[in-house]
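Undergrad: The structure is given below, and queries will be raised subsequently.
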Amino acid sequence: KNIVILISGGGSNMAAIARTAEQQDWAGRHGIRIAAVVSNRPDAGGLALARERGIPTAVVDHRAYPTREAFDAALAEGVEAHDPALVVLAGFMRILTPGFVERFAGRLLNIHPSLLPAFPGLDTHQRAIDAGCKVAGCTVHEVTAELDVGPILEQAVVAVLPCDTAETLAARVLTQEHEIYPRAILAHLLGRRPVCDQERQAGSA
Ligand code: GRF
């Protein structure tokens with residue numbers, strides 16, 4: 001099973017997924033491998049991280065396309081070339097067209113730095129602080145045509161501290177992202193879902 005990871009920037013989530021896949025031997029134990037890391041930005045720092053790990057990389061530069069649809073079509077081709085069982089958005093800062101989402105429906109995940117459905121969109125940490133939130137966190141969800149609202153797979157919570165700035169809160173949330181994303185990806189690919197004790201005891205799980 002191939003995973004393609006889409007990035008736009010530093011790629012710390014991609015690196016965490018790659019590190020976990022190596023440490024847990026996803027390839028040997030589950031036949032799961034990261035087939036490629038694709039970025040819409042040629043200067044994305046994550047491209048170097050991927051290359052260091054021997055992961056094939058590609059760039060589909062959105063500035064080279066006249067329309068959002070043309071970019072998404074080129075991106076879809078580049079992604080499809082790796083026959084992905086799962087397409088993972090990791091710090092990917094583009095809003096995908098319905099056509100792209102449709103093409104990969106059911107095998108498209110994203111991580112968002114808030115406790116969805118709270119704070120979809122950008123500047124999530126500052127908004128949480130401004131709202132006086134006592135907790136914040138991150139969410140792994142399936143991608144649908146509407147931004148940041150698909151079915152939720154995993155979440156992690158961090159406390160918002162009185163002295164927090166958006167930067168200090170972001171750093172604590174990012175650490176949790178690196179925990180929950182690899183776990184959600186593996187569970188999704190292995191067809192596992194959280195089971196309640198009653199189901200487990202009934203043996204129906
Ligand atoms: C971070 O703000 C993270 O919360 C969000 O995307 C941004 C960059 O992530 N998921 P990464 O370091 O490129 O994975």
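Simple scheme: letters A, B, ... for chains in structure tokens order, numbers from 1 for residues in each chain, numbers from 1 for ligands in the order shown.
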Could you list the protein, DNA and RNA residues that have any atom within 8 Å of ligand 1, counting only C-alpha atoms and all ligand atoms, and write them as a count of residues only?

TA: 23

Undergrad: Which residues, written as a list of chain:residue names, have at least one atom at most 10 Å from segment 187-196 of chain A, with only C-alpha atoms counted and residues fewer than 6 positions away on the same chain left out?

TA: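 With the cut-off at 10 Å, the set is A:Lys1, A:Asn2, A:Ile3, A:His30, A:Ile32, A:Ala85, A:Leu86, A:Arg107, A:Leu109, A:Leu153, A:Glu154, A:Tyr181, A:Ser204, A:Ala205.
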
Undergrad: May I have the residues from that selection written out with N, CA, C and O atoms, as a CSV table (one decimal), in the first residue's frame?

TA:
```csv
chain,number,residue,atom,x,y,z
A,1,LYS,N,0.9,-1.2,0.0
A,1,LYS,CA,0.0,0.0,0.0
A,1,LYS,C,0.9,1.2,0.0
A,1,LYS,O,1.8,1.4,0.9
A,2,ASN,N,0.6,2.1,-1.0
A,2,ASN,CA,1.4,3.4,-1.1
A,2,ASN,C,0.7,4.6,-0.4
A,2,ASN,O,-0.5,4.7,-0.6
A,3,ILE,N,1.6,5.4,0.3
A,3,ILE,CA,1.1,6.6,0.8
A,3,ILE,C,1.8,7.7,0.0
A,3,ILE,O,3.0,7.6,-0.2
A,30,HIS,N,3.4,-4.4,7.3
A,30,HIS,CA,2.1,-4.1,6.7
A,30,HIS,C,2.1,-3.9,5.2
A,30,HIS,O,1.1,-3.6,4.6
A,32,ILE,N,3.2,-1.2,3.9
A,32,ILE,CA,2.9,0.2,3.7
A,32,ILE,C,4.2,1.0,3.5
A,32,ILE,O,5.1,0.8,4.4
A,85,ALA,N,-2.8,4.3,-1.9
A,85,ALA,CA,-3.9,3.8,-1.1
A,85,ALA,C,-4.4,5.0,-0.2
A,85,ALA,O,-5.5,5.0,0.3
A,86,LEU,N,-3.5,6.0,0.0
A,86,LEU,CA,-3.8,7.1,0.9
A,86,LEU,C,-3.0,8.3,0.5
A,86,LEU,O,-1.8,8.2,0.2
A,107,ARG,N,-9.8,8.4,0.5
A,107,ARG,CA,-8.4,8.1,0.8
A,107,ARG,C,-7.6,9.4,0.8
A,107,ARG,O,-6.5,9.5,0.2
A,109,LEU,N,-6.6,12.4,3.7
A,109,LEU,CA,-6.6,12.8,5.1
A,109,LEU,C,-5.9,14.1,5.3
A,109,LEU,O,-5.0,14.5,4.5
A,153,LEU,N,-11.0,11.5,12.7
A,153,LEU,CA,-10.4,10.2,13.0
A,153,LEU,C,-9.7,10.2,14.3
A,153,LEU,O,-9.7,9.3,15.1
A,154,GLU,N,-8.9,11.3,14.6
A,154,GLU,CA,-8.2,11.4,15.9
A,154,GLU,C,-8.1,12.9,16.3
A,154,GLU,O,-8.2,13.8,15.5
A,181,TYR,N,-0.9,11.9,14.0
A,181,TYR,CA,-1.1,11.6,12.6
A,181,TYR,C,-0.6,10.3,12.2
A,181,TYR,O,-1.4,9.5,11.5
A,204,SER,N,-18.0,-8.5,19.0
A,204,SER,CA,-18.5,-8.1,17.7
A,204,SER,C,-17.5,-7.3,17.0
A,204,SER,O,-17.7,-6.9,15.8
A,205,ALA,N,-16.5,-6.8,17.7
A,205,ALA,CA,-15.5,-5.9,17.1
A,205,ALA,C,-14.5,-6.7,16.3
A,205,ALA,O,-14.2,-7.8,16.6
```

Undergrad: Apply DSSP to the backbone of this structure and, from segment 147-182 of chain A, keep only the residues in helix (DSSP H, G or I); write these as a list in words.

TA: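 Written out, the helix (DSSP H, G or I) residues of segment 147-182 of chain A are Ala166, Glu167, Thr168, Leu169, Ala170, Ala171, Arg172, Val173, Leu174, Thr175, Gln176, Glu177, His178, Glu179, Ile180, Tyr181 and Pro182 of chain A.
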
Undergrad: Could you please determine the separation between atom CA of Arg33 of chain A and atom CA of Ala18 of chain A in Å, to one decimal place?

TA: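 Separation between atom CA of Arg33 of chain A and atom CA of Ala18 of chain A: 8.8 Å.
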
Undergrad: Write out as number ranges by chain each polymer residue whose atoms come within 10 Å of His62 of chain A, counting only C-alpha atoms; drop sequence neighbours fewer than 6 positions from it.

TA: A: 39-42, 68, 70-72, 74-75, 94

Undergrad: Take the residues that were just selected and, keeping N, CA, C and O atoms, output them as a PDB file, in the first residue's frame.

TA:
```
ATOM      1  N   SER A  39       5.239  18.529  -3.244  1.00  0.00           N
ATOM      2  CA  SER A  39       5.025  19.876  -2.711  1.00  0.00           C
ATOM      3  C   SER A  39       4.535  20.807  -3.819  1.00  0.00           C
ATOM      4  O   SER A  39       4.921  20.672  -4.981  1.00  0.00           O
ATOM      5  N   ASN A  40       3.689  21.755  -3.446  1.00  0.00           N
ATOM      6  CA  ASN A  40       3.274  22.789  -4.404  1.00  0.00           C
ATOM      7  C   ASN A  40       4.279  23.944  -4.430  1.00  0.00           C
ATOM      8  O   ASN A  40       4.148  24.857  -5.246  1.00  0.00           O
ATOM      9  N   ARG A  41       5.248  23.885  -3.513  1.00  0.00           N
ATOM     10  CA  ARG A  41       6.248  24.954  -3.463  1.00  0.00           C
ATOM     11  C   ARG A  41       7.647  24.369  -3.627  1.00  0.00           C
ATOM     12  O   ARG A  41       8.059  23.489  -2.861  1.00  0.00           O
ATOM     13  N   PRO A  42       8.391  24.856  -4.620  1.00  0.00           N
ATOM     14  CA  PRO A  42       9.737  24.300  -4.852  1.00  0.00           C
ATOM     15  C   PRO A  42      10.697  24.539  -3.691  1.00  0.00           C
ATOM     16  O   PRO A  42      11.655  23.795  -3.509  1.00  0.00           O
ATOM     17  N   ARG A  68      -6.947  27.236 -10.720  1.00  0.00           N
ATOM     18  CA  ARG A  68      -6.922  26.271  -9.602  1.00  0.00           C
ATOM     19  C   ARG A  68      -7.199  24.865 -10.134  1.00  0.00           C
ATOM     20  O   ARG A  68      -6.539  23.896  -9.747  1.00  0.00           O
ATOM     21  N   ALA A  70      -6.579  23.715 -13.134  1.00  0.00           N
ATOM     22  CA  ALA A  70      -5.438  23.188 -13.914  1.00  0.00           C
ATOM     23  C   ALA A  70      -4.351  22.681 -12.967  1.00  0.00           C
ATOM     24  O   ALA A  70      -3.766  21.616 -13.186  1.00  0.00           O
ATOM     25  N   PHE A  71      -4.119  23.437 -11.893  1.00  0.00           N
ATOM     26  CA  PHE A  71      -3.126  22.983 -10.907  1.00  0.00           C
ATOM     27  C   PHE A  71      -3.563  21.660 -10.292  1.00  0.00           C
ATOM     28  O   PHE A  71      -2.795  20.698 -10.219  1.00  0.00           O
ATOM     29  N   ASP A  72      -4.823  21.598  -9.844  1.00  0.00           N
ATOM     30  CA  ASP A  72      -5.307  20.378  -9.195  1.00  0.00           C
ATOM     31  C   ASP A  72      -5.238  19.173 -10.126  1.00  0.00           C
ATOM     32  O   ASP A  72      -4.917  18.060  -9.702  1.00  0.00           O
ATOM     33  N   ALA A  74      -3.055  18.723 -12.557  1.00  0.00           N
ATOM     34  CA  ALA A  74      -1.639  18.326 -12.653  1.00  0.00           C
ATOM     35  C   ALA A  74      -1.199  17.628 -11.367  1.00  0.00           C
ATOM     36  O   ALA A  74      -0.518  16.597 -11.395  1.00  0.00           O
ATOM     37  N   LEU A  75      -1.644  18.151 -10.238  1.00  0.00           N
ATOM     38  CA  LEU A  75      -1.303  17.539  -8.946  1.00  0.00           C
ATOM     39  C   LEU A  75      -1.882  16.127  -8.867  1.00  0.00           C
ATOM     40  O   LEU A  75      -1.192  15.176  -8.489  1.00  0.00           O
ATOM     41  N   ARG A  94      -2.957  24.502   0.481  1.00  0.00           N
ATOM     42  CA  ARG A  94      -3.814  24.825  -0.667  1.00  0.00           C
ATOM     43  C   ARG A  94      -5.209  24.289  -0.387  1.00  0.00           C
ATOM     44  O   ARG A  94      -5.359  23.198   0.162  1.00  0.00           O
TER      45      ARG A  94
END
```

Undergrad: Pick out each residue of chain A that DSSP on the backbone tags as strand (DSSP E or B); I need them as JSON, numbers by chain.

TA: {"A": [2, 3, 4, 5, 6, 7, 33, 34, 35, 36, 37, 38, 39, 57, 58, 59, 84, 85, 86, 87, 88, 89, 108, 109, 110, 111, 112, 135, 136, 137, 138, 139, 140, 141, 142, 152, 153, 154, 155, 156, 157, 158, 159]}

Undergrad: Can you pull out the residues contacting Val79 of chain A? Cut-off 8 Å, using only C-alpha atoms, and skip same-chain residues under 4 positions away; I want them as a list of chain:residue names.

TA: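 The filter keeps A:Val4, A:Val38, A:Leu75, A:Asp83, A:Pro84, A:Val87.
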
Undergrad: Any chance you can output those residues with N, CA, C and O atoms as a PDB file, in the first residue's frame?

TA:
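Wrote selection_4.pdb, looks like this:
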```
ATOM      1  N   VAL A   4       1.090   8.764  -0.402  1.00  0.00           N
ATOM      2  CA  VAL A   4       1.695   9.974  -0.967  1.00  0.00           C
ATOM      3  C   VAL A   4       1.390  11.104   0.009  1.00  0.00           C
ATOM      4  O   VAL A   4       0.245  11.270   0.434  1.00  0.00           O
ATOM      5  N   VAL A  38       5.145  15.168  -2.252  1.00  0.00           N
ATOM      6  CA  VAL A  38       4.906  16.124  -3.336  1.00  0.00           C
ATOM      7  C   VAL A  38       4.607  17.484  -2.707  1.00  0.00           C
ATOM      8  O   VAL A  38       3.834  17.575  -1.754  1.00  0.00           O
ATOM      9  N   LEU A  75      -1.644  18.151 -10.238  1.00  0.00           N
ATOM     10  CA  LEU A  75      -1.303  17.539  -8.946  1.00  0.00           C
ATOM     11  C   LEU A  75      -1.882  16.127  -8.867  1.00  0.00           C
ATOM     12  O   LEU A  75      -1.192  15.176  -8.489  1.00  0.00           O
ATOM     13  N   ASP A  83      -0.072   5.382  -7.499  1.00  0.00           N
ATOM     14  CA  ASP A  83      -1.130   4.431  -7.117  1.00  0.00           C
ATOM     15  C   ASP A  83      -1.369   4.443  -5.595  1.00  0.00           C
ATOM     16  O   ASP A  83      -1.202   3.420  -4.915  1.00  0.00           O
ATOM     17  N   PRO A  84      -1.711   5.613  -5.046  1.00  0.00           N
ATOM     18  CA  PRO A  84      -1.800   5.743  -3.581  1.00  0.00           C
ATOM     19  C   PRO A  84      -3.030   5.073  -2.981  1.00  0.00           C
ATOM     20  O   PRO A  84      -4.149   5.272  -3.453  1.00  0.00           O
ATOM     21  N   VAL A  87      -3.717   9.433   0.418  1.00  0.00           N
ATOM     22  CA  VAL A  87      -3.073  10.724   0.150  1.00  0.00           C
ATOM     23  C   VAL A  87      -3.161  11.528   1.444  1.00  0.00           C
ATOM     24  O   VAL A  87      -4.248  11.733   1.992  1.00  0.00           O
TER      25      VAL A  87
END
```

Undergrad: Using only C-alpha atoms, which protein or nucleic acid residues come within 10 Å of Ser114 of chain A? Drop anything in the same chain fewer than 2 positions from it, and give the result as a PyMOL selection string.

TA: chain A and resi 111-112+116-125+127-128+135-140+148+155-157+170+173

Undergrad: Which distance in Å separates atom CA of Arg29 of chain A and atom CA of Ala16 of chain A, to one decimal?

TA: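 Interatomic distance, atom CA of Arg29 of chain A to atom CA of Ala16 of chain A: 18.4 Å.
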